[in-house]
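Asks: What follows is query22.cif, mmCIF, C-alpha atoms and all ligand atoms.
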```cif
data_target
#
loop_
_atom_site.label_atom_id
_atom_site.label_comp_id
_atom_site.auth_asym_id
_atom_site.auth_seq_id
_atom_site.Cartn_x
_atom_site.Cartn_y
_atom_site.Cartn_z
CA MET A 116 25.09 -5.07 15.86
CA SER A 117 25.57 -4.51 12.18
CA ASN A 118 25.25 -0.76 12.53
CA PRO A 119 28.63 0.57 13.75
CA GLN A 120 26.86 2.94 16.13
CA PRO A 121 23.63 1.34 17.21
CA HIS A 122 20.76 3.64 17.99
CA VAL A 123 18.96 2.80 21.20
CA LEU A 124 15.67 4.21 22.40
CA ILE A 125 15.19 4.11 26.16
CA VAL A 126 11.58 4.20 27.31
CA GLY A 127 11.16 4.98 30.98
CA ALA A 128 11.40 7.83 33.45
CA GLU A 129 12.46 6.27 36.77
CA PRO A 130 15.80 7.86 37.77
CA LYS A 131 17.23 4.57 39.10
CA PHE A 132 16.40 2.80 35.87
CA LEU A 133 18.04 5.52 33.80
CA GLN A 134 21.17 5.58 35.99
CA GLU A 135 21.43 1.81 35.77
CA LEU A 136 21.34 1.91 31.97
CA GLU A 137 23.67 4.87 31.75
CA SER A 138 26.39 3.14 33.76
CA ALA A 139 25.89 -0.16 31.91
CA MET A 140 26.21 1.64 28.56
CA GLY A 141 29.15 3.66 29.82
CA ALA A 142 31.05 0.44 30.53
CA LEU A 143 30.42 -1.00 27.05
CA ALA A 144 33.30 -1.51 24.68
CA ALA A 145 33.11 0.78 21.63
CA PRO A 146 31.11 1.50 19.58
CA ARG A 147 28.96 3.33 22.10
CA PRO A 148 25.28 3.39 21.19
CA VAL A 149 23.53 6.61 20.30
CA VAL A 150 20.88 6.94 22.97
CA HIS A 151 17.55 8.74 22.89
CA GLN A 152 15.25 8.65 25.89
CA VAL A 153 11.51 9.24 26.24
CA ASP A 154 9.46 9.17 29.42
CA ASP A 155 6.36 7.31 28.37
CA TYR A 156 4.90 4.78 25.99
CA ARG A 157 3.02 7.30 23.86
CA ARG A 158 6.18 9.22 23.02
CA ALA A 159 7.95 5.92 22.43
CA VAL A 160 5.86 5.11 19.36
CA GLU A 161 6.54 8.51 17.85
CA ALA A 162 10.28 8.35 18.62
CA ALA A 163 10.52 4.87 17.08
CA ARG A 164 8.70 6.03 13.99
CA THR A 165 10.88 9.05 13.39
CA ARG A 166 14.26 7.75 14.63
CA HIS A 167 14.14 4.08 13.65
CA PRO A 168 16.34 2.84 16.50
CA GLU A 169 17.65 -0.71 16.18
CA LEU A 170 16.67 -1.33 19.76
CA ALA A 171 14.10 -0.02 22.24
CA LEU A 172 14.79 -0.77 25.91
CA VAL A 173 11.45 -0.47 27.63
CA GLN A 174 11.15 -0.17 31.37
CA MET A 175 8.37 -2.52 32.37
CA GLY A 176 5.87 -1.43 34.94
CA VAL A 177 3.41 -3.72 36.58
CA ASP A 178 1.01 -3.71 33.67
CA TRP A 179 1.76 -6.33 31.04
CA GLN A 180 -1.16 -5.33 28.89
CA GLU A 181 0.38 -1.90 28.41
CA LEU A 182 3.65 -3.41 27.23
CA LYS A 183 1.80 -5.63 24.77
CA THR A 184 -0.10 -2.68 23.33
CA LEU A 185 3.12 -0.71 23.02
CA ALA A 186 4.80 -3.63 21.26
CA ARG A 187 2.01 -3.86 18.69
CA GLU A 188 2.05 -0.14 18.00
CA MET A 189 5.84 0.08 17.82
CA GLN A 190 5.96 -2.85 15.42
CA ALA A 191 3.58 -1.09 13.12
CA ALA A 192 5.34 2.27 13.43
CA ALA A 193 8.93 0.99 13.18
CA PRO A 194 9.07 -2.66 12.15
CA GLY A 195 12.88 -2.68 12.22
CA THR A 196 13.10 -1.81 15.92
CA ALA A 197 13.67 -4.69 18.33
CA ILE A 198 11.63 -4.18 21.50
CA VAL A 199 13.28 -5.39 24.68
CA GLY A 200 11.44 -5.40 28.01
CA VAL A 201 13.55 -4.54 31.03
CA TYR A 202 11.98 -5.94 34.16
CA ARG A 203 12.60 -6.53 37.81
CA GLN A 204 11.97 -10.08 38.87
CA GLY A 205 8.88 -10.44 41.01
CA ALA A 206 7.81 -6.87 40.40
CA VAL A 207 5.53 -7.82 37.55
CA ASP A 208 1.96 -8.30 38.51
CA SER A 209 0.32 -10.86 36.30
CA GLU A 210 -2.62 -13.14 36.92
CA ILE A 211 -1.19 -15.73 34.57
CA GLY A 212 2.25 -15.91 36.13
CA GLU A 213 5.51 -14.32 35.07
CA SER A 214 6.70 -16.83 32.48
CA ALA A 215 3.31 -17.07 30.76
CA ALA A 216 3.19 -13.27 30.68
CA LEU A 217 6.65 -13.21 29.08
CA ILE A 218 5.47 -15.59 26.37
CA GLU A 219 2.35 -13.52 25.72
CA SER A 220 4.47 -10.41 25.37
CA ILE A 221 6.71 -12.15 22.86
CA ARG A 222 3.62 -13.05 20.86
CA ALA A 223 2.68 -9.37 20.90
CA GLY A 224 6.06 -8.47 19.42
CA VAL A 225 8.48 -8.00 22.34
CA GLN A 226 11.65 -9.66 21.11
CA ASP A 227 13.71 -10.04 24.22
CA PHE A 228 13.87 -9.39 27.94
CA ILE A 229 16.60 -8.44 30.33
CA ARG A 230 16.39 -8.47 34.07
CA ARG A 231 17.33 -5.60 36.32
CA PRO A 232 19.80 -4.56 37.57
CA VAL A 233 21.20 -4.34 34.04
CA SER A 234 24.94 -4.92 33.63
CA SER A 235 27.13 -4.02 30.66
CA LYS A 236 27.59 -7.76 30.09
CA ASP A 237 23.80 -8.16 29.77
CA LEU A 238 23.75 -5.36 27.22
CA GLU A 239 26.66 -6.78 25.25
CA GLN A 240 24.94 -10.18 25.05
CA LEU A 241 21.68 -8.51 24.11
CA PHE A 242 23.35 -6.56 21.30
CA GLU A 243 24.86 -9.83 20.06
CA ARG A 244 21.48 -11.58 20.05
CA ILE A 245 19.78 -8.70 18.25
CA ALA A 246 22.56 -8.50 15.65
CA THR A 247 22.26 -12.16 14.78
CA ARG A 248 18.45 -12.41 14.71
CA PRO A 249 16.91 -12.99 11.30
CA SER A 250 16.20 -9.53 10.03
CA ALA A 251 12.67 -8.42 10.65
CA GLN A 252 10.47 -8.46 7.61
CA SER A 253 9.45 -4.87 7.34
CA PRO A 254 6.07 -4.83 5.71
CA SER A 255 5.54 -1.87 3.47
CA LEU A 256 3.51 0.55 5.51
CA GLY A 257 0.93 2.92 4.18
CA LYS A 258 1.35 6.65 4.54
CA ILE A 259 -0.68 8.74 6.95
CA VAL A 260 -1.61 12.19 5.73
CA ALA A 261 -3.57 14.62 7.91
CA PHE A 262 -5.36 17.84 7.08
CA VAL A 263 -5.10 20.16 10.07
CA SER A 264 -5.75 23.72 11.16
CA ASN A 265 -6.61 25.62 14.29
CA LYS A 266 -9.31 27.44 12.35
CA GLY A 267 -12.74 26.09 11.58
CA GLY A 268 -14.28 26.23 8.15
CA VAL A 269 -11.05 26.65 6.16
CA GLY A 270 -11.60 23.54 4.03
CA LYS A 271 -9.91 20.66 5.88
CA SER A 272 -12.79 18.29 5.19
CA THR A 273 -13.18 19.44 1.58
CA LEU A 274 -9.51 18.87 0.82
CA ALA A 275 -9.25 15.61 2.81
CA ILE A 276 -12.28 14.17 0.99
CA ASN A 277 -11.18 15.28 -2.46
CA THR A 278 -7.63 14.07 -1.92
CA ALA A 279 -8.81 10.72 -0.59
CA THR A 280 -11.37 10.25 -3.39
CA GLY A 281 -8.88 11.28 -6.08
CA LEU A 282 -6.29 8.85 -4.71
CA ALA A 283 -8.87 6.08 -4.46
CA LYS A 284 -9.77 6.52 -8.14
CA ARG A 285 -6.12 5.75 -8.85
CA HIS A 286 -5.77 3.05 -6.17
CA PRO A 287 -9.21 1.49 -5.48
CA ASP A 288 -9.55 -0.23 -2.07
CA ARG A 289 -6.08 0.96 -1.03
CA VAL A 290 -7.10 4.32 0.44
CA LEU A 291 -8.76 4.91 3.81
CA LEU A 292 -10.30 8.20 4.90
CA ILE A 293 -10.69 8.56 8.67
CA ASP A 294 -13.12 11.19 9.89
CA SER A 295 -11.54 12.13 13.23
CA SER A 296 -13.89 15.06 13.70
CA PHE A 297 -15.69 12.65 15.99
CA GLN A 298 -18.28 14.99 17.44
CA MET A 299 -19.42 16.50 14.16
CA GLY A 300 -18.07 14.44 11.32
CA VAL A 301 -19.19 15.46 7.85
CA CYS A 302 -17.27 13.04 5.64
CA ALA A 303 -20.09 10.50 5.28
CA SER A 304 -22.60 13.13 4.21
CA MET A 305 -20.12 14.89 1.89
CA LEU A 306 -19.62 11.49 0.22
CA ASP A 307 -23.35 10.69 0.31
CA LEU A 308 -22.66 7.50 2.27
CA GLN A 309 -24.76 5.85 4.96
CA ALA A 310 -22.40 5.35 7.88
CA THR A 311 -23.70 1.94 8.89
CA THR A 312 -20.43 1.24 10.70
CA THR A 313 -18.33 3.95 12.34
CA MET A 314 -15.49 4.65 14.71
CA ALA A 315 -17.97 3.81 17.50
CA ASP A 316 -17.70 0.15 16.40
CA ALA A 317 -13.93 0.39 16.57
CA LEU A 318 -14.33 1.58 20.15
CA ARG A 319 -16.69 -1.27 21.03
CA GLU A 320 -14.43 -3.85 19.39
CA GLN A 321 -11.18 -2.28 20.59
CA GLU A 322 -9.94 -5.46 22.25
CA ARG A 323 -10.13 -7.55 19.09
CA LEU A 324 -9.42 -4.84 16.55
CA ASP A 325 -7.03 -5.96 13.81
CA THR A 326 -6.46 -5.05 10.16
CA THR A 327 -9.23 -7.36 8.90
CA LEU A 328 -11.80 -6.01 11.32
CA LEU A 329 -10.71 -2.45 10.61
CA ARG A 330 -11.40 -2.92 6.90
CA GLN A 331 -14.80 -4.41 7.76
CA LEU A 332 -15.70 -1.32 9.78
CA THR A 333 -15.35 0.96 6.78
CA VAL A 334 -18.02 1.96 4.30
CA VAL A 335 -17.09 1.89 0.64
CA HIS A 336 -17.57 4.76 -1.81
CA PRO A 337 -18.12 4.19 -5.57
CA SER A 338 -14.63 5.65 -6.21
CA GLY A 339 -13.09 2.71 -4.30
CA LEU A 340 -12.45 4.86 -1.23
CA HIS A 341 -12.99 3.30 2.20
CA LEU A 342 -14.31 5.58 4.92
CA LEU A 343 -14.04 5.06 8.66
CA ALA A 344 -16.82 7.45 9.59
CA ALA A 345 -17.29 9.50 12.74
CA PRO A 346 -19.82 8.06 15.21
CA ASN A 347 -23.45 8.95 14.69
CA ASP A 348 -23.82 9.47 18.44
CA ALA A 349 -21.99 12.41 20.06
CA VAL A 350 -22.02 10.77 23.50
CA VAL A 351 -20.18 7.71 22.19
CA ALA A 352 -17.87 10.01 20.23
CA ALA A 353 -16.76 11.65 23.48
CA GLU A 354 -15.47 8.28 24.72
CA ILE A 355 -12.92 7.94 21.93
CA ASP A 356 -9.46 8.72 23.20
CA ASP A 357 -5.98 9.11 21.79
CA ALA A 358 -5.07 5.50 22.60
CA LEU A 359 -7.82 4.23 20.27
CA MET A 360 -6.82 6.77 17.62
CA THR A 361 -3.20 5.57 17.79
CA GLN A 362 -4.31 1.95 17.61
CA VAL A 363 -6.55 2.63 14.60
CA LEU A 364 -3.83 4.57 12.78
CA THR A 365 -1.14 1.95 13.32
CA LEU A 366 -3.49 -0.76 12.04
CA ALA A 367 -4.70 1.42 9.16
CA ARG A 368 -1.20 1.95 7.79
CA ARG A 369 -0.80 -1.82 7.63
CA ALA A 370 -4.14 -2.34 5.90
CA TYR A 371 -3.99 0.53 3.37
CA ASP A 372 -1.45 2.30 1.17
CA TYR A 373 -2.80 5.75 2.02
CA VAL A 374 -4.58 6.84 5.18
CA ILE A 375 -6.07 10.32 4.92
CA VAL A 376 -7.24 11.92 8.17
CA ASP A 377 -9.73 14.75 8.42
CA THR A 378 -9.40 16.52 11.78
CA PHE A 379 -11.25 18.82 14.12
CA PRO A 380 -10.02 22.44 14.45
CA LEU A 381 -9.00 22.11 18.07
CA PHE A 382 -5.76 21.07 19.61
CA ASP A 383 -6.73 18.01 21.62
CA ARG A 384 -5.20 14.61 22.34
CA ILE A 385 -6.80 13.07 19.26
CA VAL A 386 -5.15 15.60 16.95
CA MET A 387 -1.88 15.12 18.83
CA ALA A 388 -2.05 11.37 18.27
CA VAL A 389 -2.61 12.03 14.56
CA LEU A 390 0.29 14.49 14.41
CA ASP A 391 2.55 12.02 16.23
CA LEU A 392 2.00 9.36 13.61
CA CYS A 393 1.41 11.21 10.38
CA ASP A 394 3.96 11.14 7.60
CA ARG A 395 2.72 14.50 6.45
CA CYS A 396 0.31 17.13 7.71
CA TYR A 397 -1.20 19.71 5.43
CA ILE A 398 -1.86 22.92 7.33
CA VAL A 399 -4.92 24.46 5.72
CA LEU A 400 -5.20 28.25 5.73
CA GLU A 401 -7.13 30.94 3.93
CA ASN A 402 -5.53 34.14 2.75
CA THR A 403 -7.26 36.40 5.23
CA VAL A 404 -5.19 38.28 7.78
CA PRO A 405 -6.68 36.73 10.98
CA THR A 406 -6.32 33.18 9.60
CA VAL A 407 -2.74 33.78 8.57
CA LEU A 408 -1.88 35.25 11.98
CA SER A 409 -3.31 32.25 13.79
CA GLY A 410 -1.51 30.07 11.23
CA VAL A 411 1.80 31.55 12.40
CA LYS A 412 0.99 30.47 15.97
CA TYR A 413 -0.11 27.06 14.79
CA VAL A 414 3.09 26.39 12.90
CA GLU A 415 5.09 27.40 16.00
CA LEU A 416 3.02 24.98 18.04
CA LEU A 417 3.66 22.14 15.59
CA ASP A 418 7.39 22.90 15.63
CA GLY A 419 7.33 22.87 19.44
CA LEU A 420 5.55 19.54 19.47
CA GLY A 421 8.25 17.93 17.39
CA VAL A 422 6.35 17.80 14.08
CA GLU A 423 9.41 18.37 11.93
CA ALA A 424 9.20 20.96 9.14
CA GLU A 425 9.75 18.18 6.53
CA ARG A 426 6.44 16.67 7.60
CA GLN A 427 4.56 19.97 7.32
CA ARG A 428 3.10 21.52 4.19
CA VAL A 429 1.09 24.71 3.96
CA ILE A 430 -2.00 24.95 1.78
CA LEU A 431 -3.81 28.14 0.97
CA ASN A 432 -7.41 27.23 0.26
CA ARG A 433 -10.33 29.26 -1.08
CA ASN A 434 -7.77 31.73 -2.30
CA LEU A 435 -9.19 35.06 -3.35
CA SER A 436 -7.10 37.89 -4.65
CA GLY A 437 -7.83 41.53 -4.05
CA ALA A 438 -9.64 43.16 -1.12
CA GLY A 439 -6.27 43.58 0.59
CA ASN A 440 -5.91 39.84 1.07
CA PRO A 441 -2.36 38.61 1.60
CA THR A 442 -0.82 36.86 -1.40
CA ALA A 443 0.74 33.40 -1.25
CA ALA A 444 4.15 35.05 -1.10
CA ASP A 445 3.03 37.21 1.86
CA VAL A 446 1.75 34.14 3.67
CA ALA A 447 4.98 32.24 3.02
CA ARG A 448 6.98 35.17 4.41
CA ARG A 449 4.79 35.40 7.53
CA LEU A 450 4.99 31.70 8.20
CA ASN A 451 8.63 31.48 7.26
CA ARG A 452 8.00 28.45 5.10
CA PRO A 453 6.80 27.80 1.59
CA VAL A 454 3.18 27.64 0.59
CA THR A 455 3.05 24.35 -1.27
CA HIS A 456 -0.43 24.48 -2.75
CA VAL A 457 -2.85 27.24 -3.58
CA LEU A 458 -6.45 26.21 -4.21
CA PRO A 459 -8.68 28.91 -5.60
CA TYR A 460 -12.21 29.67 -4.54
CA SER A 461 -14.64 27.67 -6.63
CA ARG A 462 -18.43 27.74 -6.52
CA LYS A 463 -18.47 24.20 -7.89
CA VAL A 464 -16.76 22.97 -4.74
CA VAL A 465 -19.63 24.28 -2.64
CA ALA A 466 -22.16 22.73 -5.02
CA ALA A 467 -20.30 19.40 -4.90
CA ALA A 468 -20.39 19.40 -1.07
CA ASN A 469 -24.13 20.04 -1.12
CA LEU A 470 -24.72 17.24 -3.64
CA GLY A 471 -22.61 14.72 -1.71
CA GLU A 472 -20.33 14.15 -4.67
CA PRO A 473 -16.71 15.28 -4.27
CA TYR A 474 -15.49 17.67 -6.95
CA VAL A 475 -12.84 15.19 -8.16
CA MET A 476 -15.49 12.64 -9.18
CA ARG A 477 -16.41 14.71 -12.24
CA GLY A 478 -14.63 18.05 -12.22
CA GLN A 479 -12.02 18.91 -14.82
CA THR A 480 -8.35 18.85 -13.85
CA TRP A 481 -6.81 21.36 -16.25
CA TRP A 482 -7.37 24.74 -14.63
CA GLY A 483 -8.42 26.39 -11.39
CA PHE A 484 -9.44 24.23 -8.45
CA GLY A 485 -9.35 20.99 -10.49
CA ARG A 486 -5.75 21.50 -11.55
CA ALA A 487 -4.59 22.52 -8.06
CA MET A 488 -6.39 19.49 -6.63
CA ARG A 489 -4.69 17.17 -9.12
CA ARG A 490 -1.31 18.54 -8.04
CA LEU A 491 -2.21 17.99 -4.39
CA ILE A 492 -3.18 14.37 -5.10
CA ASP A 493 0.07 13.86 -7.07
CA ASP A 494 1.98 15.26 -4.09
CA VAL A 495 0.37 12.80 -1.65
CA GLU A 496 0.81 9.91 -4.06
CA ALA A 497 4.50 10.72 -4.34
CA ILE A 498 5.11 10.24 -0.60
CA ARG A 499 5.21 6.48 -1.11
CA THR A 500 7.93 6.67 -3.71
CA THR A 501 9.95 9.72 -2.80
CA GLY A 502 9.44 9.90 0.96
CA ASN A 503 9.26 13.20 2.73
CA GLU A 504 12.00 15.26 1.15
CA PRO A 505 11.07 18.88 1.39
CA VAL A 506 9.82 20.08 -1.93
CA VAL A 507 10.99 23.38 -3.29
CA ALA A 508 7.57 24.83 -3.43
CA LYS A 509 6.54 27.46 -5.84
CA ALA A 510 3.33 29.05 -4.79
CA VAL A 511 1.23 29.08 -7.90
CA ALA A 512 -1.31 31.77 -7.24
CA ASN A 513 -4.20 30.51 -9.20
CA ASP A 514 -7.32 32.19 -8.08
CA VAL A 515 -9.30 32.10 -11.27
CA GLU A 516 -12.78 30.76 -11.01
CA GLU A 517 -13.18 28.16 -13.73
CA PRO A 518 -15.54 29.09 -16.52
CA ALA A 519 -19.08 27.77 -16.26
CA SER A 520 -19.50 24.69 -18.40
N1 LIG T 601 -11.75 26.03 -2.54
C1 LIG T 601 -13.00 26.25 -2.11
N2 LIG T 601 -13.83 27.06 -2.82
C2 LIG T 601 -15.08 27.31 -2.38
N3 LIG T 601 -15.61 26.81 -1.27
C3 LIG T 601 -14.85 26.00 -0.51
C4 LIG T 601 -13.51 25.68 -0.89
N4 LIG T 601 -13.01 24.85 0.07
C5 LIG T 601 -13.99 24.66 0.97
N5 LIG T 601 -15.08 25.35 0.63
C6 LIG T 601 -16.37 25.43 1.37
O1 LIG T 601 -16.11 25.99 2.63
C7 LIG T 601 -16.95 25.44 3.61
C8 LIG T 601 -16.10 24.90 4.76
O2 LIG T 601 -15.31 23.82 4.26
P1 LIG T 601 -14.97 22.55 5.13
O3 LIG T 601 -16.19 22.01 5.80
O4 LIG T 601 -14.21 21.64 4.26
O5 LIG T 601 -14.03 23.24 6.22
P2 LIG T 601 -13.39 22.56 7.53
O6 LIG T 601 -12.08 23.22 7.75
O7 LIG T 601 -13.42 21.11 7.43
O8 LIG T 601 -14.44 23.04 8.64
P3 LIG T 601 -14.54 22.52 10.17
O9 LIG T 601 -13.43 23.21 10.88
O10 LIG T 601 -15.89 22.98 10.60
O11 LIG T 601 -14.39 21.05 10.15
C9 LIG T 601 -17.78 24.39 2.91
O12 LIG T 601 -19.03 24.93 2.59
C10 LIG T 601 -16.99 24.10 1.65
O13 LIG T 601 -17.82 23.67 0.58
MG MG T 602 -14.30 19.70 8.74
#
```
Please, can you express the file's structure as structure tokens?
Replies:
Amino acid sequence: MSNPQPHVLIVGAEPKFLQELESAMGALAAPRPVVHQVDDYRRAVEAARTRHPELALVQMGVDWQELKTLAREMQAAAPGTAIVGVYRQGAVDSEIGESAALIESIRAGVQDFIRRPVSSKDLEQLFERIATRPSAQSPSLGKIVAFVSNKGGVGKSTLAINTATGLAKRHPDRVLLIDSSFQMGVCASMLDLQATTTMADALREQERLDTTLLRQLTVVHPSGLHLLAAPNDAVVAAEIDDALMTQVLTLARRAYDYVIVDTFPLFDRIVMAVLDLCDRCYIVLENTVPTVLSGVKYVELLDGLGVEAERQRVILNRNLSGAGNPTAADVARRLNRPVTHVLPYSRKVVAAANLGEPYVMRGQTWWGFGRAMRRLIDDVEAIRTTGNEPVVAKAVANDVEEPAS
């Protein structure tokens, strides 16, 4: 491999499989690969996205469909990673026969296979093959940005909608807003859109969902924003699981430059799927003591889940000074991380939500909420060019209500 110390992701939990690979790797001539192991397919996508291994050695179970889905998602998350299925002859259950199943998996993006028991010679040859393959074209992937909180009513939807709309004004048809508050989505009504197609259609069409179909399932806002709305039916909404969410997100980042996700204030598998894949999550808080205290817990939870601090940003929304409310500096101290954006309370934001026209469609951008919103949109826009370097955030306490015009 070209990299002097190849990075290898091992996907599988069976002790025999892990021992087999460990001894095969141990017998390899230098350079020894840097190995990272995850137990299951869901974690594999996240590990590939964050670690960019050259190679993923995936233990194959009996289910070929699962491997194909993993291959598609890994390709989208980490196009530079070569996916190699490790299988035991005869152990694969496929209606279409083993060799046809191998071919189908290759079509889905699996690049190679090795048979168990794996020897160091097999690995050496595999490394050779991978090193000499024509380098994978890595399509430029869009960025996924989520607005999250464990508190309801703090402004996740308001900020997600305004960010997405503001970005879409700059990049029409290149921004997707996903309303993942499936049971009680508000994005369509806050944008005054008729959700003629929704995430429920993505669920129904899951088998044939691709980037083209995904774009067709969105509704388009006059700003140029595309919305994948929450289902109109709560019963259907309950059927949406994290696998569909992951599939939609991995397709969305191939179809759009920016994918903004509004979330539900509950820690469930959907939110976890979003956190796994997002390039950045904005943690939305208000400067009231109970919200800040639960924010401290939330940040600890995100850290524990492996959402690295570089992917997290803290926003203080509906900021009001006085009445003993903590300041941005207090909040930063409590959370032990910077507050990156402070958005003041603004009556016009409430009026905009009621009218179904996001503030950024008309509001000024030179003071108060408008200015803070412009900075937030700039910050998201910059992810595509500057990546996720932590910004040295200065909390700009700006809690002045803009003058009535
Ligand atoms: N900066 C702000 N100034 C004034 N009002 C605001 C501001 N941000 C949000 N709001 C208002 O606060 C209310 C709650 O906002 P929003 O629905 O965006 O919160 P949420 O976190 O998405 O809630 P939920 O957890 O229920 O999804 C709305 O009425 C909204 O208009
Ligand atoms: Mg909301």
Asks: Can you pull out the residues contacting Ala388 (chain A)? Cut-off 9 Å, using all atoms listed in the file, and skip same-chain residues under 5 positions away; I want them as a list in words.
Replies: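 Near neighbours after the sequence-gap exclusion: Arg157, Asp357, Ala358, Met360, Thr361, Leu364, Asp383 and Cys393 of chain A.
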Asks: Report as a PyMOL selection string which protein, DNA and RNA residues come within 7 Å of ligand MG 602 (chain T), using all atoms listed in the file.
Replies: chain A and resi 268+270-272+296+300-301+377-379
Asks: Residues near Gly176 (chain A), anyone? I mean within 12 Å using only C-alpha atoms, not counting same-chain ones fewer than 5 positions away, as a PyMOL selection string.
Replies: chain A and resi 126-129+132+155-156+181-183+200-209
Asks: Can you measure CA of Val225 (chain A) to CA of Arg426 (chain A) for me? One decimal in Å is fine.
Replies: 28.8 Å
Asks: As an exercise, work out the distance from CA of Gly485 (chain A) to CA of Leu458 (chain A) in Å and give it to one decimal place.
Replies: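 About the pair CA of Gly485 (chain A) and CA of Leu458 (chain A): they are 8.7 Å apart.
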Asks: Just how far from CA of Leu143 (chain A) is CA of Ser235 (chain A), in Å to one decimal?
Replies: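 Calculated distance between CA of Ser235 (chain A) and CA of Leu143 (chain A) is 5.7 Å.
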Asks: For Arg323 (chain A), which of A:Leu366, A:Leu136, A:Ala246, A:Ala144 is the closest residue, counting all atoms listed in the file?
Replies: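 For Arg323 (chain A), the nearest of the candidates is A:Leu366.
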Asks: Counting all atoms listed in the file, which residue out of A:Trp179, A:Ala352, A:Leu185, A:Leu450 sits closest to Ser214 (chain A)?
Replies: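 With all atoms listed in the file as the atom set, the closest residue is A:Trp179.
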Asks: Kindly provide, as a list in words, the polymer residues lying within 6 Å of (12.9, 6.9, 20.8), counting only C-alpha atoms and using the coordinates exactly as they appear in the file.
Replies: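 In the file's frame, the residues around the point are Leu124, His151, Gln152, Ala159, Ala162 and Ala163 of chain A.
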Asks: Those same residues, written as a compact mmCIF listing (two decimals), keeping the file's coordinate frame with C-alpha atoms?
Replies:
```txt
# COMPACT_ATOMS: atom_id res chain seq x y z
CA LEU A 124 15.67 4.21 22.40
CA HIS A 151 17.55 8.74 22.89
CA GLN A 152 15.25 8.65 25.89
CA ALA A 159 7.95 5.92 22.43
CA ALA A 162 10.28 8.35 18.62
CA ALA A 163 10.52 4.87 17.08
```
Asks: Quick one: of A:Leu420, A:Ala283, A:Ala497, A:Leu470, who's nearest to Pro337 (chain A), counting all atoms listed in the file?
Replies: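 Once distances to Pro337 (chain A) are computed over all atoms listed in the file, the minimum belongs to A:Ala283.
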Asks: Contacts of Asp445 (chain A) at 12 Å or less, counting only C-alpha atoms, minus same-chain residues fewer than 2 places along, as number ranges by chain?
Replies: A: 402-404, 407-408, 431, 439-443, 447-454, 510, 512
Asks: Ala261 (chain A): which residues within 10 Å, counting all atoms listed in the file, same-chain residues fewer than 6 positions away excluded, as a PyMOL selection string?
Replies: chain A and resi 271+275+292-293+295+374-378+386+389-390+392-398+427
Asks: Selection from above, C-alpha atoms, as a PDB file, in the frame of the given file, can you write it?
Replies:
```pdb
ATOM      1  CA  LYS A 271      -9.910  20.660   5.880  1.00  0.00           C
ATOM      2  CA  ALA A 275      -9.250  15.610   2.810  1.00  0.00           C
ATOM      3  CA  LEU A 292     -10.300   8.200   4.900  1.00  0.00           C
ATOM      4  CA  ILE A 293     -10.690   8.560   8.670  1.00  0.00           C
ATOM      5  CA  SER A 295     -11.540  12.130  13.230  1.00  0.00           C
ATOM      6  CA  VAL A 374      -4.580   6.840   5.180  1.00  0.00           C
ATOM      7  CA  ILE A 375      -6.070  10.320   4.920  1.00  0.00           C
ATOM      8  CA  VAL A 376      -7.240  11.920   8.170  1.00  0.00           C
ATOM      9  CA  ASP A 377      -9.730  14.750   8.420  1.00  0.00           C
ATOM     10  CA  THR A 378      -9.400  16.520  11.780  1.00  0.00           C
ATOM     11  CA  VAL A 386      -5.150  15.600  16.950  1.00  0.00           C
ATOM     12  CA  VAL A 389      -2.610  12.030  14.560  1.00  0.00           C
ATOM     13  CA  LEU A 390       0.290  14.490  14.410  1.00  0.00           C
ATOM     14  CA  LEU A 392       2.000   9.360  13.610  1.00  0.00           C
ATOM     15  CA  CYS A 393       1.410  11.210  10.380  1.00  0.00           C
ATOM     16  CA  ASP A 394       3.960  11.140   7.600  1.00  0.00           C
ATOM     17  CA  ARG A 395       2.720  14.500   6.450  1.00  0.00           C
ATOM     18  CA  CYS A 396       0.310  17.130   7.710  1.00  0.00           C
ATOM     19  CA  TYR A 397      -1.200  19.710   5.430  1.00  0.00           C
ATOM     20  CA  ILE A 398      -1.860  22.920   7.330  1.00  0.00           C
ATOM     21  CA  GLN A 427       4.560  19.970   7.320  1.00  0.00           C
TER      22      GLN A 427
END
```
Asks: Could you check which of A:Ile229, A:Glu472, A:Gly141, A:Val495 is closest to Arg428 (chain A), using all atoms listed in the file?
Replies: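 The answer is A:Val495, which sits nearest to Arg428 (chain A).
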Asks: Neighbouring residues of His167 (chain A) were defined as those with any atom within 10 Å, considering only C-alpha atoms; residues of the same chain fewer than 6 positions away were excluded. Please report them as an NGL selection string.
Replies: :A and (122-124 or 161 or 192-197)
Asks: Return region 486-490 of chain A, completed with N, CA and C atoms, as an mmCIF file, in the frame of the given file.
Replies:
```cif
data_model
loop_
_atom_site.group_PDB
_atom_site.id
_atom_site.type_symbol
_atom_site.label_atom_id
_atom_site.label_comp_id
_atom_site.auth_asym_id
_atom_site.auth_seq_id
_atom_site.Cartn_x
_atom_site.Cartn_y
_atom_site.Cartn_z
ATOM 1 N N ARG A 486 -7.178 21.696 -11.294
ATOM 2 C CA ARG A 486 -5.750 21.500 -11.550
ATOM 3 C C ARG A 486 -4.962 21.499 -10.228
ATOM 4 N N ALA A 487 -5.297 22.449 -9.343
ATOM 5 C CA ALA A 487 -4.590 22.520 -8.060
ATOM 6 C C ALA A 487 -4.828 21.240 -7.251
ATOM 7 N N MET A 488 -6.051 20.713 -7.352
ATOM 8 C CA MET A 488 -6.390 19.490 -6.630
ATOM 9 C C MET A 488 -5.585 18.305 -7.191
ATOM 10 N N ARG A 489 -5.465 18.261 -8.505
ATOM 11 C CA ARG A 489 -4.690 17.170 -9.120
ATOM 12 C C ARG A 489 -3.240 17.211 -8.617
ATOM 13 N N ARG A 490 -2.701 18.421 -8.511
ATOM 14 C CA ARG A 490 -1.310 18.540 -8.040
ATOM 15 C C ARG A 490 -1.189 18.095 -6.579
#
```
